[in-house]
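Quick look at input-v4.txt (compact mmCIF, C-alpha atoms):
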```txt
# COMPACT_ATOMS: atom_id res chain seq x y z
CA MET G 129 1.37 -176.92 134.64
CA TYR G 130 1.43 -173.24 135.72
CA LEU G 131 1.19 -174.24 139.38
CA PHE G 132 3.99 -176.79 138.88
CA PHE G 133 6.43 -174.14 137.60
CA MET G 134 5.37 -171.69 140.32
CA MET G 135 6.23 -174.36 142.86
CA ILE G 136 9.71 -174.78 141.33
CA SER G 137 10.34 -171.04 141.34
CA LEU G 138 9.29 -170.67 144.97
CA ILE G 139 11.68 -173.43 145.98
CA LEU G 140 14.57 -172.04 143.96
CA LEU G 141 14.45 -168.57 145.46
CA PRO G 142 15.51 -169.45 149.01
CA ALA G 143 18.05 -172.01 147.78
CA PHE G 144 20.58 -169.48 146.49
CA GLY G 145 23.33 -168.82 148.97
CA GLU G 146 22.50 -171.93 151.05
CA PRO G 147 24.86 -174.93 151.30
CA ILE G 148 24.69 -177.43 148.42
CA PRO G 149 22.88 -179.62 149.26
CA ASP G 150 20.68 -178.31 152.05
CA TYR G 151 20.81 -181.15 154.63
CA ASN G 152 18.00 -179.57 156.64
CA LYS G 153 15.68 -179.38 153.66
CA PRO G 154 16.17 -182.59 151.67
CA TYR G 155 13.86 -181.52 148.86
CA ALA G 156 14.33 -183.43 145.58
CA PRO G 157 11.07 -185.03 144.42
CA ILE G 158 11.48 -187.69 141.74
CA PHE G 159 8.97 -188.09 138.90
CA THR G 160 8.48 -190.58 136.07
CA ASP G 161 6.56 -189.81 132.90
CA LYS G 162 4.16 -192.76 133.40
CA PRO G 163 2.65 -194.46 136.43
CA LEU G 164 3.12 -197.95 134.87
CA TYR G 165 5.58 -199.34 132.32
CA THR G 166 5.85 -202.39 130.13
CA TRP G 167 9.00 -204.46 129.73
CA THR G 168 10.56 -202.57 126.79
CA ASP G 169 9.47 -199.01 127.55
CA LYS G 170 11.58 -195.88 127.70
CA ILE G 171 11.43 -194.30 131.16
CA LYS G 172 11.79 -190.53 131.32
CA MET G 173 12.74 -189.35 134.80
CA THR G 174 12.80 -185.92 136.43
CA ILE G 175 14.35 -184.82 139.73
CA ILE G 176 13.62 -181.35 141.06
CA ALA G 177 16.73 -180.53 143.09
CA PRO G 178 17.25 -176.74 143.38
CA SER G 179 19.88 -177.29 146.08
CA TRP G 180 22.04 -179.03 143.48
CA ASN G 181 21.94 -176.07 141.09
CA THR G 182 25.58 -175.30 141.86
CA ASP G 183 26.21 -172.80 139.06
CA LYS G 184 23.40 -170.64 137.81
CA ASN G 185 25.30 -169.96 134.57
CA LEU G 186 26.00 -173.59 133.63
CA ILE G 187 24.14 -176.84 132.95
CA ASP G 188 24.78 -178.88 136.08
CA SER G 189 24.78 -182.67 136.51
CA ILE G 190 23.87 -184.84 139.47
CA GLY G 191 24.04 -188.51 140.37
CA ASN G 192 27.24 -189.41 138.54
CA THR G 193 29.51 -189.51 141.58
CA GLN G 194 30.12 -192.25 144.13
CA ASP G 195 29.53 -189.77 146.98
CA HIS G 196 25.97 -188.85 145.96
CA PRO G 197 24.95 -191.36 143.30
CA ILE G 198 21.68 -191.89 141.50
CA LYS G 199 20.82 -195.55 141.06
CA ILE G 200 18.31 -196.95 138.54
CA SER G 201 17.51 -200.54 139.47
CA THR G 202 15.25 -203.58 139.37
CA ARG G 203 15.47 -206.57 141.72
CA GLU G 204 18.23 -208.16 139.64
CA HIS G 205 19.94 -205.36 137.72
CA SER G 206 21.09 -201.78 138.31
CA LEU G 207 22.77 -198.76 136.78
CA GLU G 208 24.95 -196.84 139.26
CA PRO G 209 26.00 -194.10 139.26
CA TYR G 210 23.65 -192.63 136.65
CA ARG G 211 23.94 -189.04 135.51
CA PHE G 212 21.03 -186.60 135.31
CA THR G 213 21.53 -183.23 133.61
CA GLU G 214 19.86 -179.91 134.23
CA THR G 215 17.21 -178.92 131.72
CA ASP G 216 18.57 -175.37 131.53
CA ALA G 217 21.10 -173.24 133.33
CA ASN G 218 19.73 -172.29 136.74
CA SER G 219 16.57 -174.44 136.39
CA GLY G 220 17.30 -176.83 139.25
CA VAL G 221 15.37 -179.48 137.28
CA PHE G 222 17.37 -182.57 136.23
CA THR G 223 16.28 -185.23 133.73
CA ALA G 224 17.45 -188.57 132.32
CA GLU G 225 16.15 -191.52 130.30
CA VAL G 226 16.56 -195.29 130.49
CA ILE G 227 15.36 -197.89 127.98
CA LEU G 228 14.06 -201.13 129.46
CA THR G 229 15.26 -204.16 127.49
CA GLY G 230 13.05 -206.89 128.93
CA PHE G 231 14.34 -210.46 129.07
CA ALA G 232 14.89 -213.20 126.47
CA HIS G 233 11.43 -214.02 125.09
CA ASP G 234 9.65 -214.86 121.82
CA ALA G 235 7.05 -212.07 121.75
CA ASP G 236 5.23 -213.01 118.52
CA GLY G 237 5.36 -216.81 118.48
CA ASP G 238 7.64 -217.18 115.45
CA GLY G 239 10.25 -219.19 117.34
CA ASN G 240 12.77 -216.35 117.56
CA ILE G 241 13.79 -214.26 120.57
CA ASP G 242 12.61 -210.69 119.96
CA THR G 243 14.54 -208.84 122.68
CA THR G 244 18.16 -208.00 123.41
CA PRO G 245 18.43 -207.90 127.22
CA ARG G 246 21.32 -205.78 128.49
CA THR G 247 22.22 -203.48 131.37
CA MET G 248 24.67 -200.71 130.53
CA GLY G 249 25.11 -196.94 130.37
CA THR G 250 25.92 -194.02 132.61
CA GLY G 251 23.27 -191.48 131.53
CA PRO G 252 21.65 -189.21 130.92
CA THR G 253 20.20 -190.95 127.80
CA SER G 254 22.56 -193.88 127.25
CA GLY G 255 21.09 -196.35 129.73
CA PHE G 256 19.68 -199.82 129.08
CA LEU G 257 18.21 -201.90 131.89
CA GLU G 258 17.03 -205.53 131.96
CA VAL G 259 13.66 -206.11 133.56
CA GLY G 260 11.25 -208.99 134.16
CA ARG G 261 7.56 -209.33 133.36
CA ASP G 262 6.29 -208.40 136.82
CA SER G 263 8.80 -206.10 138.38
CA ALA G 264 9.47 -202.47 139.26
CA VAL G 265 12.07 -199.85 138.47
CA THR G 266 13.39 -197.82 141.40
CA ILE G 267 15.17 -194.47 141.13
CA SER G 268 17.18 -193.62 144.24
CA PHE G 269 19.17 -190.44 144.80
CA GLU G 270 21.56 -189.91 147.70
CA PHE G 271 20.59 -186.29 148.17
CA ALA G 272 23.01 -185.85 151.05
CA ASP G 273 25.13 -188.12 153.21
CA GLY G 274 22.74 -190.70 154.61
CA VAL G 275 19.70 -189.03 152.98
CA ILE G 276 18.39 -191.22 150.16
CA LEU G 277 15.25 -190.27 148.24
CA THR G 278 13.49 -192.90 146.13
CA GLU G 279 10.65 -193.36 143.68
CA SER G 280 9.42 -196.60 142.08
CA ALA G 281 7.25 -197.45 139.08
CA PRO G 282 5.79 -200.92 138.42
CA VAL G 283 6.49 -202.93 135.27
CA SER G 284 3.90 -205.34 133.90
CA TRP G 285 2.70 -207.04 130.71
CA ASN G 286 -0.78 -206.25 129.37
CA VAL G 287 -3.55 -208.00 127.44
CA GLY G 288 -3.76 -206.42 124.00
CA THR G 289 -6.89 -205.28 122.18
CA ILE G 290 -7.85 -205.41 118.51
CA GLN G 291 -10.64 -203.69 116.60
CA PHE G 292 -11.68 -202.54 113.17
CA THR G 293 -12.04 -198.79 112.89
CA GLN G 294 -15.67 -199.20 111.72
CA GLU G 295 -18.43 -201.68 112.51
CA ILE G 296 -19.54 -201.80 108.85
CA PHE G 297 -17.37 -201.39 105.75
CA LEU G 298 -18.58 -200.85 102.21
CA LEU G 299 -16.96 -202.96 99.52
CA ASP G 300 -15.02 -200.02 98.12
CA ASP G 301 -13.79 -198.82 101.54
CA ALA G 302 -10.23 -199.14 102.77
CA VAL G 303 -10.44 -201.44 105.79
CA THR G 304 -8.29 -200.49 108.79
CA VAL G 305 -7.64 -202.73 111.77
CA ARG G 306 -5.95 -201.44 114.92
CA ILE G 307 -4.11 -203.27 117.70
CA ILE G 308 -3.18 -201.67 121.00
CA ASP G 309 -0.50 -203.68 122.79
CA SER G 310 2.22 -201.69 124.52
CA ASP G 311 4.16 -204.92 125.18
CA MET G 312 4.90 -205.14 121.44
CA ASN G 313 6.63 -201.74 121.44
CA LEU G 314 9.85 -203.75 121.52
CA ASN G 315 12.08 -200.83 120.57
CA PRO G 316 10.86 -197.41 121.76
CA GLU G 317 13.12 -195.65 119.25
CA THR G 318 11.91 -197.33 116.02
CA LEU G 319 8.60 -198.41 114.47
CA ASP G 320 7.78 -201.99 115.46
CA HIS G 321 5.66 -204.47 113.50
CA ILE G 322 3.11 -207.11 114.46
CA PRO G 323 1.54 -209.89 112.28
CA ILE G 324 -2.26 -209.76 111.91
CA GLN G 325 -4.42 -212.49 110.36
CA VAL G 326 -7.41 -211.17 108.39
CA SER G 327 -10.16 -213.35 106.85
CA SER G 328 -13.77 -213.28 105.71
CA ASP G 329 -16.78 -215.60 105.54
CA SER G 330 -16.01 -216.02 101.83
CA ASP G 331 -12.28 -216.67 102.39
CA ILE G 332 -11.70 -218.39 105.70
CA ALA G 333 -7.95 -218.82 105.08
CA GLY G 334 -7.54 -215.08 104.48
CA ILE G 335 -4.21 -213.25 104.52
CA LYS G 336 -1.50 -212.23 106.98
CA VAL G 337 -0.77 -208.50 106.99
CA ASP G 338 1.80 -206.36 108.74
CA GLY G 339 0.58 -204.06 111.50
CA ILE G 340 2.92 -201.07 111.73
CA GLU G 341 3.34 -198.98 114.86
CA THR G 342 1.86 -195.50 114.49
CA SER G 343 4.86 -193.82 116.17
CA GLU G 344 8.13 -194.93 117.73
CA SER G 345 6.72 -195.74 121.17
CA SER G 346 2.93 -195.66 120.78
CA GLY G 347 2.26 -199.40 121.19
CA MET G 348 -0.56 -198.93 118.64
CA PHE G 349 -0.35 -200.88 115.38
CA VAL G 350 -2.38 -200.31 112.23
CA ALA G 351 -2.86 -202.32 109.04
CA THR G 352 -4.99 -201.39 106.03
CA ILE G 353 -6.43 -203.80 103.46
CA SER G 354 -8.81 -203.58 100.51
CA LEU G 355 -11.84 -205.75 99.76
CA SER G 356 -12.71 -207.35 96.45
CA GLN G 357 -15.67 -209.46 95.39
CA THR G 358 -14.30 -210.06 91.90
CA SER G 359 -10.62 -210.89 92.58
CA THR G 360 -9.09 -213.58 94.75
CA THR G 361 -7.25 -212.84 97.96
CA SER G 362 -3.70 -211.67 97.38
CA GLY G 363 -1.20 -209.35 99.07
CA SER G 364 -3.26 -206.87 101.10
CA ARG G 365 -6.49 -207.63 99.18
CA LEU G 366 -9.14 -209.85 100.78
CA TYR G 367 -11.91 -211.58 98.84
CA SER G 368 -15.25 -210.73 100.44
CA VAL G 369 -18.82 -210.21 99.31
CA SER G 370 -21.64 -208.08 100.62
CA GLY G 371 -23.11 -209.61 103.76
CA ASP G 372 -19.85 -211.19 104.91
CA LYS G 373 -18.25 -210.83 108.27
CA ILE G 374 -14.54 -210.01 108.16
CA PHE G 375 -12.28 -211.10 111.00
CA ALA G 376 -8.94 -209.91 112.37
CA LYS G 377 -6.88 -211.67 115.00
CA TYR G 378 -3.41 -211.94 116.49
CA ASP G 379 -1.81 -214.02 119.22
CA ASP G 380 -0.74 -212.21 122.36
CA TYR G 381 2.39 -213.87 123.82
CA THR G 382 2.96 -211.22 126.51
CA LEU G 383 0.23 -211.82 129.05
CA PRO G 384 0.09 -210.61 132.68
CA LYS G 385 -0.56 -212.81 135.68
CA PRO G 386 -2.34 -215.12 136.29
CA TYR G 387 -1.16 -216.27 132.84
CA SER G 388 2.27 -217.87 132.74
CA ILE G 389 5.11 -216.45 130.67
CA THR G 390 4.69 -219.31 128.16
CA ASP G 391 0.93 -218.79 127.66
CA ASN G 392 -0.60 -217.09 124.64
CA LEU G 393 -4.09 -215.80 123.91
CA GLN G 394 -5.82 -215.26 120.57
CA ILE G 395 -7.30 -211.75 120.40
CA GLU G 396 -10.03 -211.43 117.74
CA THR G 397 -12.59 -208.98 116.38
CA PHE G 398 -14.98 -208.71 113.44
CA ALA G 399 -16.85 -206.21 111.28
CA LEU G 400 -19.54 -206.43 108.62
CA VAL G 401 -19.20 -205.92 104.86
CA ASP G 402 -21.89 -204.13 102.90
CA SER G 403 -22.32 -202.67 99.43
CA SER G 404 -22.71 -199.01 98.57
CA VAL G 405 -25.79 -200.03 96.57
CA PRO G 406 -28.90 -199.59 98.78
CA PRO G 407 -30.26 -203.02 99.83
CA ILE G 408 -33.63 -202.47 98.16
CA GLU G 409 -31.86 -202.04 94.79
CA ARG G 410 -29.70 -205.15 94.86
CA ILE G 411 -32.10 -207.56 93.16
CA ASP G 412 -34.89 -207.00 90.62
CA ASN G 413 -38.00 -208.97 91.52
CA LEU G 414 -40.09 -209.48 88.34
CA PRO G 415 -43.87 -210.12 88.12
CA ILE G 416 -45.18 -213.52 89.15
CA LYS G 417 -46.17 -216.04 86.46
CA PHE G 418 -48.04 -219.35 86.66
CA SER G 419 -47.55 -222.62 84.79
CA ASP G 420 -48.51 -226.29 84.89
CA ALA G 421 -46.13 -229.13 85.71
CA LEU G 422 -44.87 -229.16 82.12
CA GLY G 423 -44.08 -225.47 82.10
CA ASN G 424 -47.07 -224.37 80.04
CA SER G 425 -48.52 -220.99 80.97
CA LEU G 426 -51.72 -221.04 83.05
CA GLN G 427 -54.43 -218.40 82.91
CA SER G 428 -57.16 -220.20 84.89
CA PHE G 429 -57.03 -222.21 88.10
CA SER G 430 -59.17 -224.91 89.68
CA PRO G 431 -59.24 -226.67 93.07
CA ASN G 432 -57.04 -229.71 93.67
CA ASN G 433 -54.97 -229.07 90.55
CA GLN G 434 -51.27 -228.44 91.00
CA LEU G 435 -49.84 -225.22 89.66
CA GLN G 436 -46.35 -223.72 89.60
CA ILE G 437 -45.80 -220.26 91.01
CA VAL G 438 -42.88 -218.86 89.02
CA GLY G 439 -40.86 -215.81 90.04
CA THR G 440 -37.88 -214.28 88.29
CA ILE G 441 -35.08 -212.42 90.00
CA VAL G 442 -32.17 -210.56 88.40
CA ASN G 443 -28.92 -209.31 89.91
CA PRO G 444 -28.25 -205.98 88.13
CA ASN G 445 -25.05 -205.24 90.06
CA GLU G 446 -21.37 -206.02 89.56
CA PHE G 447 -21.13 -208.23 92.62
CA ASP G 448 -22.53 -211.58 93.71
CA GLN G 449 -25.54 -211.47 95.98
CA LYS G 450 -26.81 -214.11 98.40
CA PHE G 451 -30.59 -214.27 98.62
CA VAL G 452 -33.62 -215.98 100.09
CA TYR G 453 -36.68 -215.98 97.80
CA LEU G 454 -39.88 -216.55 99.75
CA PHE G 455 -43.37 -217.52 98.42
CA GLN G 456 -46.51 -216.78 100.43
CA VAL G 457 -50.14 -217.63 99.60
CA LYS G 458 -53.04 -216.00 101.50
CA ASN G 459 -56.75 -216.80 101.18
CA ASP G 460 -59.55 -214.26 101.03
CA ASN G 461 -59.63 -214.20 104.88
CA ASN G 462 -55.99 -213.09 104.85
CA PHE G 463 -54.80 -216.36 106.42
CA VAL G 464 -51.58 -217.85 105.14
CA GLU G 465 -52.27 -221.12 103.33
CA SER G 466 -48.75 -221.83 102.09
CA ILE G 467 -45.26 -220.51 102.68
CA SER G 468 -41.96 -221.78 101.28
CA TRP G 469 -38.57 -220.44 100.25
CA VAL G 470 -35.47 -221.03 98.18
CA GLN G 471 -32.05 -219.67 99.01
CA GLY G 472 -28.93 -219.29 96.91
CA GLU G 473 -26.56 -216.79 95.34
CA LEU G 474 -26.88 -214.74 92.18
CA SER G 475 -23.79 -213.88 90.17
CA SER G 476 -23.40 -210.43 88.67
CA ALA G 477 -26.02 -209.85 85.90
CA GLN G 478 -27.51 -213.32 86.46
CA SER G 479 -31.24 -213.93 85.92
CA LEU G 480 -32.91 -216.83 87.70
CA ASP G 481 -36.41 -218.34 87.53
CA VAL G 482 -37.57 -219.63 90.91
CA SER G 483 -40.66 -221.82 91.13
CA GLN G 484 -42.74 -223.47 93.80
CA SER G 485 -45.66 -225.88 93.37
CA TRP G 486 -48.99 -225.31 95.12
CA ILE G 487 -52.33 -227.13 95.09
CA PRO G 488 -55.33 -224.94 96.02
CA LYS G 489 -57.76 -226.98 98.12
CA LYS G 490 -60.92 -225.00 97.37
CA SER G 491 -62.34 -222.20 95.30
CA GLY G 492 -61.70 -218.62 96.29
CA ILE G 493 -59.56 -215.54 95.76
CA TYR G 494 -55.93 -215.90 96.70
CA LYS G 495 -53.12 -213.40 97.08
CA ILE G 496 -49.70 -214.61 95.95
CA GLU G 497 -46.69 -212.69 97.30
CA THR G 498 -42.95 -213.07 96.77
CA PHE G 499 -40.22 -211.58 98.97
CA VAL G 500 -36.46 -211.32 98.39
CA TRP G 501 -34.27 -211.13 101.48
CA ASN G 502 -30.58 -211.61 102.15
CA SER G 503 -31.20 -214.30 104.81
CA LEU G 504 -33.84 -215.84 107.04
CA GLY G 505 -32.07 -215.27 110.36
CA ASP G 506 -31.42 -211.55 109.92
CA PRO G 507 -33.49 -210.51 106.91
CA THR G 508 -32.69 -207.41 104.90
CA VAL G 509 -35.10 -206.62 102.05
CA LEU G 510 -33.28 -206.77 98.70
CA ALA G 511 -36.21 -205.98 96.39
CA PRO G 512 -39.78 -204.66 96.58
CA ILE G 513 -42.48 -207.20 97.37
CA MET G 514 -44.21 -208.59 94.29
CA SER G 515 -47.88 -209.66 94.61
CA THR G 516 -50.81 -210.69 92.45
CA MET G 517 -54.37 -211.97 92.94
CA ILE G 518 -55.78 -215.14 91.38
CA THR G 519 -59.24 -216.68 91.41
CA VAL G 520 -59.62 -220.44 91.84
CA GLU G 521 -62.97 -221.72 90.58
```
Could you express the structure from this file as structure tokens?
Amino acid sequence: MYLFFMMISLILLPAFGEPIPDYNKPYAPIFTDKPLYTWTDKIKMTIIAPSWNTDKNLIDSIGNTQDHPIKISTREHSLEPYRFTETDANSGVFTAEVILTGFAHDADGDGNIDTTPRTMGTGPTSGFLEVGRDSAVTISFEFADGVILTESAPVSWNVGTIQFTQEIFLLDDAVTVRIIDSDMNLNPETLDHIPIQVSSDSDIAGIKVDGIETSESSGMFVATISLSQTSTTSGSRLYSVSGDKIFAKYDDYTLPKPYSITDNLQIETFALVDSSVPPIERIDNLPIKFSDALGNSLQSFSPNNQLQIVGTIVNPNEFDQKFVYLFQVKNDNNFVESISWVQGELSSAQSLDVSQSWIPKKSGIYKIETFVWNSLGDPTVLAPIMSTMITVE
């Protein structure tokens, strides 16, 4: 920045006293505030033209005459002449703004046109310019008779992105989802909105929430919801339980080539839901008991006689918990003789007896173990292992 202003000052010094403009030194570089724009952006333009600083005590203007006009144009539309004004008396730096108004298009798929295409205004901040999806805006300044300086910036649609602000949310967290899609900054002078669909494994239908732009021309949209495992989905509250995936998606109707203007693409992301209760404390795994087929307690065991291995699990928490309860029997050589499991869901404060039948084939000492996990595919331990030894004789 320091070098930039030094450059301006060095150019200004020799300009005083020279003809306005200096035909032999056609210096008036044109700058835009971005290298690339979308269809409804605001373009901020700067022209450094010290030769056009006609009065060092006044704010000068350039471009608003037919003799030396500034033209802001696309292939189909133009603003001419367009006035730029000096940033300060004697600065030699001239600025202006133009708002791009796109073309008639339904940008969110609701069946309504979301833009107001128009070309009007004379500057420096009153301009509106229609523009297509794949186009360019050109600023041209007739610096002197027959000397035209130009600068162009491309205009294009973009593929949006969506993400949750965290990979894992606890049930009592506020859940924030963020969309970045500059094409949906439909009015660069107000906060725009975008519809976002949010759902969970436990509520596939989910809810539609309003993503609100973070600032007038940011193109970033944010929505915040809460999670509940005790209340149904409503408003900005989503029903979800620990272990769920939550999903967020929106449809992008402003896609760049090679997509056509009528195409749309569903943009989706997900995050995981967890509880603030440590996993190992989510279920109580009680000592193993044994019974016969009629439910009578067994204290002794013999070969080839069926017995029931009975475990009890309790959910001590205020939320439902999915589980897999696994039985494992090992012989005195530490080989697994039997393994089986039951899966289900425990409600808050629910106690459940889980049993599995087993017939020992021969005498010996056996180790009975029970495990409580959240799932088989991606197991998380929900309770300490419970084990006991029995003798079959």
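The neighbours of G:Asn192 here are the residues that come within 6 Å of it, using all atoms listed in the file and leaving out any residue fewer than 5 positions away in the same chain; they are G:Pro197, G:Pro209, G:Tyr210, G:Arg211.
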Prev. selection, C-alpha atoms, output as a CSV table (one decimal), keeping the file's coordinate frame:
```csv
chain,number,residue,atom,x,y,z
G,197,PRO,CA,25.0,-191.4,143.3
G,209,PRO,CA,26.0,-194.1,139.3
G,210,TYR,CA,23.6,-192.6,136.6
G,211,ARG,CA,23.9,-189.0,135.5
```
List as a PyMOL selection string the protein and nucleic acid residues near G:Ile395, meaning an atom at most 12 Å away when only C-alpha atoms are counted, but skip any in the same chain fewer than 2 places from it. chain G and resi 287-291+306-309+324-325+375-383+392-393+397-398
Writer output for current selection, C-alpha atoms, as an mmCIF file, in the frame of the given file:
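Contents of the output file selection.cif:
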```
data_model
loop_
_atom_site.group_PDB
_atom_site.id
_atom_site.type_symbol
_atom_site.label_atom_id
_atom_site.label_comp_id
_atom_site.auth_asym_id
_atom_site.auth_seq_id
_atom_site.Cartn_x
_atom_site.Cartn_y
_atom_site.Cartn_z
ATOM 1 C CA VAL G 287 -3.550 -208.000 127.440
ATOM 2 C CA GLY G 288 -3.760 -206.420 124.000
ATOM 3 C CA THR G 289 -6.890 -205.280 122.180
ATOM 4 C CA ILE G 290 -7.850 -205.410 118.510
ATOM 5 C CA GLN G 291 -10.640 -203.690 116.600
ATOM 6 C CA ARG G 306 -5.950 -201.440 114.920
ATOM 7 C CA ILE G 307 -4.110 -203.270 117.700
ATOM 8 C CA ILE G 308 -3.180 -201.670 121.000
ATOM 9 C CA ASP G 309 -0.500 -203.680 122.790
ATOM 10 C CA ILE G 324 -2.260 -209.760 111.910
ATOM 11 C CA GLN G 325 -4.420 -212.490 110.360
ATOM 12 C CA PHE G 375 -12.280 -211.100 111.000
ATOM 13 C CA ALA G 376 -8.940 -209.910 112.370
ATOM 14 C CA LYS G 377 -6.880 -211.670 115.000
ATOM 15 C CA TYR G 378 -3.410 -211.940 116.490
ATOM 16 C CA ASP G 379 -1.810 -214.020 119.220
ATOM 17 C CA ASP G 380 -0.740 -212.210 122.360
ATOM 18 C CA TYR G 381 2.390 -213.870 123.820
ATOM 19 C CA THR G 382 2.960 -211.220 126.510
ATOM 20 C CA LEU G 383 0.230 -211.820 129.050
ATOM 21 C CA ASN G 392 -0.600 -217.090 124.640
ATOM 22 C CA LEU G 393 -4.090 -215.800 123.910
ATOM 23 C CA THR G 397 -12.590 -208.980 116.380
ATOM 24 C CA PHE G 398 -14.980 -208.710 113.440
#
```
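What separates atom CA of G:His321 from atom CA of G:Lys336 is a distance of 12.4 Å.
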For atom CA of G:Asp506 and atom CA of G:Ile411, the interatomic separation in Å (one decimal): 17.2 Å
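Considering all atoms listed in the file, the residue among G:Ala177, G:Met248, G:Val326, G:Ala351 positioned nearest to G:Tyr367 is G:Val326.
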